[in-house]
file model-v5.txt (compact mmCIF, N, CA and C atoms)
# COMPACT_ATOMS: atom_id res chain seq x y z
N MET A 1 30.88 -17.45 45.41
CA MET A 1 31.32 -16.08 45.34
C MET A 1 31.46 -15.62 43.89
N LYS A 2 31.99 -16.52 43.05
CA LYS A 2 32.17 -16.18 41.64
C LYS A 2 30.82 -15.98 40.96
N ASN A 3 29.82 -16.77 41.36
CA ASN A 3 28.49 -16.63 40.77
C ASN A 3 27.88 -15.27 41.10
N ILE A 4 28.12 -14.78 42.29
CA ILE A 4 27.58 -13.48 42.70
C ILE A 4 28.22 -12.36 41.88
N ILE A 5 29.52 -12.46 41.67
CA ILE A 5 30.23 -11.44 40.90
C ILE A 5 29.76 -11.46 39.45
N LYS A 6 29.58 -12.67 38.88
CA LYS A 6 29.08 -12.79 37.51
C LYS A 6 27.69 -12.17 37.40
N SER A 7 26.83 -12.48 38.35
CA SER A 7 25.47 -11.94 38.34
C SER A 7 25.49 -10.43 38.46
N LEU A 8 26.36 -9.90 39.32
CA LEU A 8 26.46 -8.45 39.51
C LEU A 8 26.97 -7.77 38.23
N CYS A 9 27.93 -8.37 37.57
CA CYS A 9 28.46 -7.81 36.32
C CYS A 9 27.40 -7.83 35.22
N ILE A 10 26.67 -8.92 35.12
CA ILE A 10 25.62 -9.03 34.10
C ILE A 10 24.51 -8.02 34.37
N ALA A 11 24.14 -7.87 35.63
CA ALA A 11 23.07 -6.92 35.97
C ALA A 11 23.50 -5.49 35.68
N SER A 12 24.75 -5.15 35.98
CA SER A 12 25.21 -3.79 35.71
C SER A 12 25.31 -3.53 34.20
N ALA A 13 25.71 -4.53 33.43
CA ALA A 13 25.78 -4.37 31.97
C ALA A 13 24.38 -4.19 31.38
N LEU A 14 23.43 -4.93 31.87
CA LEU A 14 22.05 -4.78 31.40
C LEU A 14 21.48 -3.43 31.78
N ALA A 15 21.80 -2.95 32.96
CA ALA A 15 21.31 -1.63 33.38
C ALA A 15 21.93 -0.54 32.49
N LEU A 16 23.20 -0.68 32.15
CA LEU A 16 23.85 0.29 31.29
C LEU A 16 23.22 0.29 29.89
N LEU A 17 22.98 -0.89 29.34
CA LEU A 17 22.35 -0.98 28.02
C LEU A 17 20.92 -0.45 28.05
N GLY A 18 20.22 -0.69 29.14
CA GLY A 18 18.85 -0.19 29.26
C GLY A 18 18.81 1.33 29.31
N SER A 19 19.77 1.93 29.97
CA SER A 19 19.79 3.40 30.04
C SER A 19 20.14 4.01 28.68
N VAL A 20 21.00 3.35 27.93
CA VAL A 20 21.35 3.84 26.59
C VAL A 20 20.13 3.72 25.67
N ALA A 21 19.41 2.62 25.79
CA ALA A 21 18.24 2.41 24.93
C ALA A 21 17.12 3.38 25.26
N ALA A 22 17.04 3.83 26.50
CA ALA A 22 15.97 4.73 26.91
C ALA A 22 16.31 6.20 26.66
N ALA A 23 17.49 6.47 26.15
CA ALA A 23 17.89 7.86 25.90
C ALA A 23 16.99 8.48 24.85
N LYS A 24 16.71 9.76 24.98
CA LYS A 24 15.81 10.45 24.06
C LYS A 24 16.55 10.75 22.75
N LEU A 25 15.91 10.39 21.65
CA LEU A 25 16.48 10.66 20.34
C LEU A 25 16.06 12.05 19.88
N PRO A 26 16.87 12.70 19.08
CA PRO A 26 16.48 14.02 18.57
C PRO A 26 15.32 13.90 17.59
N ALA A 27 14.58 14.97 17.45
CA ALA A 27 13.44 14.98 16.52
C ALA A 27 13.96 14.83 15.09
N PRO A 28 13.23 14.10 14.25
CA PRO A 28 13.69 13.93 12.86
C PRO A 28 13.63 15.25 12.09
N SER A 29 14.52 15.38 11.14
CA SER A 29 14.56 16.59 10.32
C SER A 29 13.39 16.59 9.34
N ASP A 30 13.17 17.72 8.69
CA ASP A 30 12.09 17.83 7.71
C ASP A 30 12.33 16.87 6.55
N GLU A 31 13.58 16.70 6.17
CA GLU A 31 13.92 15.79 5.08
C GLU A 31 13.59 14.35 5.45
N ALA A 32 13.89 13.97 6.70
CA ALA A 32 13.58 12.61 7.16
C ALA A 32 12.06 12.40 7.23
N LYS A 33 11.33 13.43 7.66
CA LYS A 33 9.87 13.32 7.70
C LYS A 33 9.30 13.15 6.29
N ALA A 34 9.86 13.89 5.33
CA ALA A 34 9.40 13.79 3.95
C ALA A 34 9.68 12.40 3.38
N LYS A 35 10.85 11.84 3.68
CA LYS A 35 11.19 10.50 3.22
C LYS A 35 10.25 9.47 3.83
N ALA A 36 9.93 9.64 5.11
CA ALA A 36 9.02 8.70 5.78
C ALA A 36 7.62 8.79 5.18
N ALA A 37 7.17 10.00 4.87
CA ALA A 37 5.85 10.17 4.27
C ALA A 37 5.80 9.53 2.89
N GLU A 38 6.86 9.70 2.11
CA GLU A 38 6.92 9.10 0.78
C GLU A 38 6.94 7.58 0.88
N ALA A 39 7.69 7.05 1.84
CA ALA A 39 7.74 5.59 2.02
C ALA A 39 6.37 5.05 2.42
N ALA A 40 5.65 5.78 3.26
CA ALA A 40 4.31 5.35 3.65
C ALA A 40 3.36 5.38 2.45
N ALA A 41 3.47 6.41 1.62
CA ALA A 41 2.62 6.50 0.44
C ALA A 41 2.93 5.37 -0.54
N LYS A 42 4.20 5.06 -0.70
CA LYS A 42 4.59 4.00 -1.61
C LYS A 42 4.12 2.63 -1.08
N ALA A 43 4.17 2.45 0.23
CA ALA A 43 3.69 1.19 0.81
C ALA A 43 2.18 1.05 0.62
N ALA A 44 1.45 2.15 0.78
CA ALA A 44 0.00 2.11 0.56
C ALA A 44 -0.31 1.79 -0.91
N TRP A 45 0.43 2.38 -1.83
CA TRP A 45 0.24 2.12 -3.25
C TRP A 45 0.55 0.65 -3.57
N ALA A 46 1.62 0.12 -2.97
CA ALA A 46 1.98 -1.28 -3.20
C ALA A 46 0.86 -2.21 -2.71
N GLY A 47 0.21 -1.84 -1.62
CA GLY A 47 -0.91 -2.62 -1.13
C GLY A 47 -2.08 -2.60 -2.11
N LYS A 48 -2.33 -1.44 -2.72
CA LYS A 48 -3.41 -1.33 -3.71
C LYS A 48 -3.08 -2.16 -4.95
N VAL A 49 -1.81 -2.15 -5.36
CA VAL A 49 -1.40 -2.94 -6.52
C VAL A 49 -1.57 -4.43 -6.22
N GLY A 50 -1.21 -4.84 -5.02
CA GLY A 50 -1.37 -6.24 -4.63
C GLY A 50 -2.84 -6.65 -4.63
N ALA A 51 -3.71 -5.79 -4.13
CA ALA A 51 -5.14 -6.08 -4.13
C ALA A 51 -5.68 -6.17 -5.56
N PHE A 52 -5.20 -5.29 -6.44
CA PHE A 52 -5.62 -5.31 -7.84
C PHE A 52 -5.21 -6.61 -8.51
N LYS A 53 -3.96 -7.03 -8.28
CA LYS A 53 -3.49 -8.28 -8.89
C LYS A 53 -4.25 -9.48 -8.36
N LEU A 54 -4.57 -9.47 -7.07
CA LEU A 54 -5.36 -10.56 -6.49
C LEU A 54 -6.75 -10.59 -7.11
N CYS A 55 -7.37 -9.44 -7.26
CA CYS A 55 -8.70 -9.36 -7.86
C CYS A 55 -8.69 -9.89 -9.28
N ARG A 56 -7.69 -9.49 -10.06
CA ARG A 56 -7.59 -9.96 -11.45
C ARG A 56 -7.39 -11.48 -11.50
N SER A 57 -6.55 -12.02 -10.63
CA SER A 57 -6.32 -13.46 -10.64
C SER A 57 -7.59 -14.21 -10.22
N GLN A 58 -8.35 -13.65 -9.28
CA GLN A 58 -9.61 -14.28 -8.89
C GLN A 58 -10.60 -14.27 -10.05
N ASP A 59 -10.65 -13.18 -10.80
CA ASP A 59 -11.51 -13.11 -11.97
C ASP A 59 -11.11 -14.18 -13.01
N ASN A 60 -9.80 -14.36 -13.18
CA ASN A 60 -9.32 -15.37 -14.14
C ASN A 60 -9.71 -16.77 -13.69
N VAL A 61 -9.64 -17.04 -12.40
CA VAL A 61 -10.00 -18.36 -11.87
C VAL A 61 -11.50 -18.60 -12.07
N VAL A 62 -12.31 -17.59 -11.80
CA VAL A 62 -13.75 -17.73 -11.99
C VAL A 62 -14.07 -17.99 -13.46
N ALA A 63 -13.41 -17.24 -14.36
CA ALA A 63 -13.66 -17.43 -15.79
C ALA A 63 -13.26 -18.85 -16.22
N HIS A 64 -12.13 -19.32 -15.73
CA HIS A 64 -11.67 -20.67 -16.07
C HIS A 64 -12.64 -21.72 -15.53
N TYR A 65 -13.11 -21.51 -14.31
CA TYR A 65 -14.05 -22.45 -13.70
C TYR A 65 -15.35 -22.50 -14.49
N LYS A 66 -15.86 -21.32 -14.85
CA LYS A 66 -17.11 -21.29 -15.62
C LYS A 66 -16.94 -21.95 -16.98
N LYS A 67 -15.79 -21.73 -17.60
CA LYS A 67 -15.53 -22.33 -18.90
C LYS A 67 -15.46 -23.85 -18.78
N ALA A 68 -14.79 -24.35 -17.74
CA ALA A 68 -14.67 -25.79 -17.55
C ALA A 68 -16.01 -26.40 -17.15
N ALA A 69 -16.81 -25.69 -16.38
CA ALA A 69 -18.09 -26.21 -15.92
C ALA A 69 -19.11 -26.28 -17.05
N MET A 70 -19.04 -25.34 -17.97
CA MET A 70 -20.00 -25.30 -19.06
C MET A 70 -19.69 -26.30 -20.16
N GLY A 71 -18.43 -26.67 -20.29
CA GLY A 71 -18.05 -27.64 -21.32
C GLY A 71 -18.30 -27.11 -22.71
N LYS A 72 -19.19 -27.78 -23.45
CA LYS A 72 -19.46 -27.39 -24.83
C LYS A 72 -20.21 -26.07 -24.92
N ASP A 73 -20.94 -25.73 -23.87
CA ASP A 73 -21.71 -24.49 -23.87
C ASP A 73 -20.84 -23.27 -23.56
N ALA A 74 -19.56 -23.46 -23.36
CA ALA A 74 -18.67 -22.36 -23.00
C ALA A 74 -18.59 -21.34 -24.12
N LYS A 75 -18.68 -21.80 -25.38
CA LYS A 75 -18.61 -20.86 -26.50
C LYS A 75 -19.83 -19.95 -26.50
N ALA A 76 -20.97 -20.47 -26.14
CA ALA A 76 -22.18 -19.66 -26.08
C ALA A 76 -22.08 -18.63 -24.96
N VAL A 77 -21.50 -19.03 -23.85
CA VAL A 77 -21.34 -18.10 -22.73
C VAL A 77 -20.31 -17.04 -23.07
N ALA A 78 -19.25 -17.43 -23.79
CA ALA A 78 -18.19 -16.49 -24.16
C ALA A 78 -18.70 -15.41 -25.10
N LYS A 79 -19.68 -15.73 -25.93
CA LYS A 79 -20.23 -14.75 -26.85
C LYS A 79 -21.06 -13.70 -26.14
N GLY A 80 -21.58 -14.05 -24.95
CA GLY A 80 -22.39 -13.11 -24.18
C GLY A 80 -21.53 -12.00 -23.60
N ALA A 81 -22.16 -11.03 -22.97
CA ALA A 81 -21.43 -9.90 -22.38
C ALA A 81 -20.59 -10.37 -21.21
N ALA A 82 -19.38 -9.88 -21.14
CA ALA A 82 -18.50 -10.22 -20.03
C ALA A 82 -18.98 -9.51 -18.77
N PRO A 83 -18.93 -10.20 -17.62
CA PRO A 83 -19.36 -9.56 -16.39
C PRO A 83 -18.44 -8.41 -16.01
N ALA A 84 -19.01 -7.37 -15.43
CA ALA A 84 -18.21 -6.21 -15.02
C ALA A 84 -17.31 -6.59 -13.85
N SER A 85 -16.07 -6.21 -13.93
CA SER A 85 -15.11 -6.52 -12.88
C SER A 85 -15.05 -5.38 -11.88
N ALA A 86 -14.91 -5.73 -10.61
CA ALA A 86 -14.82 -4.72 -9.56
C ALA A 86 -13.36 -4.33 -9.29
N CYS A 87 -12.44 -4.85 -10.10
CA CYS A 87 -11.03 -4.55 -9.91
C CYS A 87 -10.73 -3.11 -10.34
N VAL A 88 -10.02 -2.38 -9.50
CA VAL A 88 -9.66 -1.00 -9.80
C VAL A 88 -8.14 -0.90 -9.89
N ASP A 89 -7.66 -0.52 -11.08
CA ASP A 89 -6.22 -0.38 -11.30
C ASP A 89 -5.73 0.90 -10.61
N PRO A 90 -4.75 0.80 -9.68
CA PRO A 90 -4.26 1.99 -9.00
C PRO A 90 -3.39 2.88 -9.86
N GLY A 91 -2.95 2.40 -11.00
CA GLY A 91 -2.10 3.20 -11.87
C GLY A 91 -0.67 3.28 -11.37
N PRO A 92 0.16 4.07 -12.02
CA PRO A 92 1.56 4.18 -11.60
C PRO A 92 1.67 4.99 -10.30
N PHE A 93 2.76 4.77 -9.61
CA PHE A 93 2.99 5.47 -8.34
C PHE A 93 3.32 6.94 -8.61
N VAL A 94 2.55 7.82 -8.00
CA VAL A 94 2.78 9.25 -8.10
C VAL A 94 2.70 9.81 -6.69
N TYR A 95 3.78 10.43 -6.24
CA TYR A 95 3.82 10.99 -4.89
C TYR A 95 3.79 12.51 -4.98
N VAL A 96 2.86 13.11 -4.28
CA VAL A 96 2.76 14.56 -4.21
C VAL A 96 2.96 14.95 -2.75
N PRO A 97 4.05 15.64 -2.42
CA PRO A 97 4.26 16.05 -1.04
C PRO A 97 3.12 16.93 -0.54
N ALA A 98 2.88 16.89 0.75
CA ALA A 98 1.76 17.61 1.35
C ALA A 98 1.87 19.12 1.10
N GLY A 99 3.05 19.70 1.14
CA GLY A 99 3.21 21.13 0.98
C GLY A 99 3.25 21.59 -0.47
N ALA A 100 3.42 20.66 -1.41
CA ALA A 100 3.54 21.03 -2.82
C ALA A 100 2.17 21.16 -3.44
N ALA A 101 2.12 21.90 -4.53
CA ALA A 101 0.86 22.07 -5.27
C ALA A 101 0.52 20.77 -5.98
N ALA A 102 -0.76 20.47 -6.08
CA ALA A 102 -1.20 19.26 -6.75
C ALA A 102 -0.92 19.38 -8.24
N PRO A 103 -0.56 18.28 -8.90
CA PRO A 103 -0.29 18.36 -10.33
C PRO A 103 -1.57 18.66 -11.09
N ALA A 104 -1.41 19.34 -12.21
CA ALA A 104 -2.57 19.70 -13.02
C ALA A 104 -3.16 18.45 -13.62
N THR A 105 -4.45 18.27 -13.47
CA THR A 105 -5.12 17.12 -14.04
C THR A 105 -5.99 17.58 -15.19
N ALA A 106 -6.25 16.69 -16.09
CA ALA A 106 -7.07 17.02 -17.25
C ALA A 106 -8.54 16.93 -16.86
N ALA A 107 -9.01 17.91 -16.15
CA ALA A 107 -10.41 17.93 -15.72
C ALA A 107 -11.24 18.64 -16.78
N ALA A 108 -12.49 18.27 -16.86
CA ALA A 108 -13.39 18.89 -17.82
C ALA A 108 -13.66 20.33 -17.38
N PRO A 109 -13.68 21.27 -18.32
CA PRO A 109 -13.94 22.66 -17.94
C PRO A 109 -15.36 22.80 -17.42
N ALA A 110 -15.53 23.72 -16.50
CA ALA A 110 -16.85 23.94 -15.91
C ALA A 110 -17.78 24.54 -16.96
N ALA A 111 -19.02 24.09 -16.95
CA ALA A 111 -20.00 24.60 -17.91
C ALA A 111 -20.39 26.01 -17.51
N PRO A 112 -20.52 26.92 -18.48
CA PRO A 112 -20.91 28.28 -18.13
C PRO A 112 -22.35 28.31 -17.62
N ALA A 113 -22.61 29.21 -16.70
CA ALA A 113 -23.95 29.31 -16.12
C ALA A 113 -24.89 29.89 -17.15
N LYS A 114 -26.07 29.33 -17.22
CA LYS A 114 -27.08 29.80 -18.18
C LYS A 114 -27.82 30.98 -17.58
N LYS A 115 -28.07 31.97 -18.41
CA LYS A 115 -28.84 33.13 -17.95
C LYS A 115 -30.33 32.84 -18.12
N PRO A 116 -31.17 33.23 -17.13
CA PRO A 116 -32.61 32.95 -17.25
C PRO A 116 -33.31 33.76 -18.28
call {"tool": "encode", "arguments": {"input": "model-v5.txt", "output": "structure tokens"}}
result
Amino acid sequence: MKNIIKSLCIASALALLGSVAAAKLPAPSDEAKAKAAEAAAKAAWAGKVGAFKLCRSQDNVVAHYKKAAMGKDAKAVAKGAAPASACVDPGPFVYVPAGAAAPATAAAPAAPAKKP
């Protein structure tokens, strides 16, 4: 009999918690949406920075391997042109909200049209 009562109490407590968890939350405010968008942008930037650092470290490993493999000829290889790296530096984090105007960039002025 005690087991049935325990089971009934546990089931009712779980049902109560389930109904609370399923309650509808209010829509987030504009400020909360802006914070979430900024956090997503910062996370994407952090991923780009991580990829850049990984690329640079891989380039360093390749350079070290080539230097060790060449031995005495490493100085001759070092004097040659360095291979172009595919690593792209993402730069510092800059967040521009969707509704705000884009910051002014130093773009080259458009060339005037030539008259025929």
call {"tool": "atom_distance", "arguments": {"input": "model-v5.txt", "atom1": "atom C of Trp45 (chain A)", "atom2": "atom C of Ala86 (chain A)"}}
result
15.8 Å
call {"tool": "atom_distance", "arguments": {"input": "model-v5.txt", "atom1": "atom C of Ala41 (chain A)", "atom2": "atom N of Arg56 (chain A)"}}
result
20.6 Å
call {"tool": "residues_around", "arguments": {"input": "model-v5.txt", "residues": "Val94 (chain A)", "least_positions_apart": "2", "cutoff": "8 Å", "atoms": "only N, CA and C atoms", "output": "PyMOL selection string"}}
result
chain A and resi 41-42+45+90-92+96-97
call {"tool": "atom_distance", "arguments": {"input": "model-v5.txt", "atom1": "CA of Val88 (chain A)", "atom2": "CA of Gly50 (chain A)"}}
result
11.1 Å
call {"tool": "select_by_dssp", "arguments": {"input": "model-v5.txt", "residues": "region 26-98 of chain A", "states": "alpha helix (DSSP H)", "output": "ChimeraX atom specification"}}
result
/A:30-70,74-79
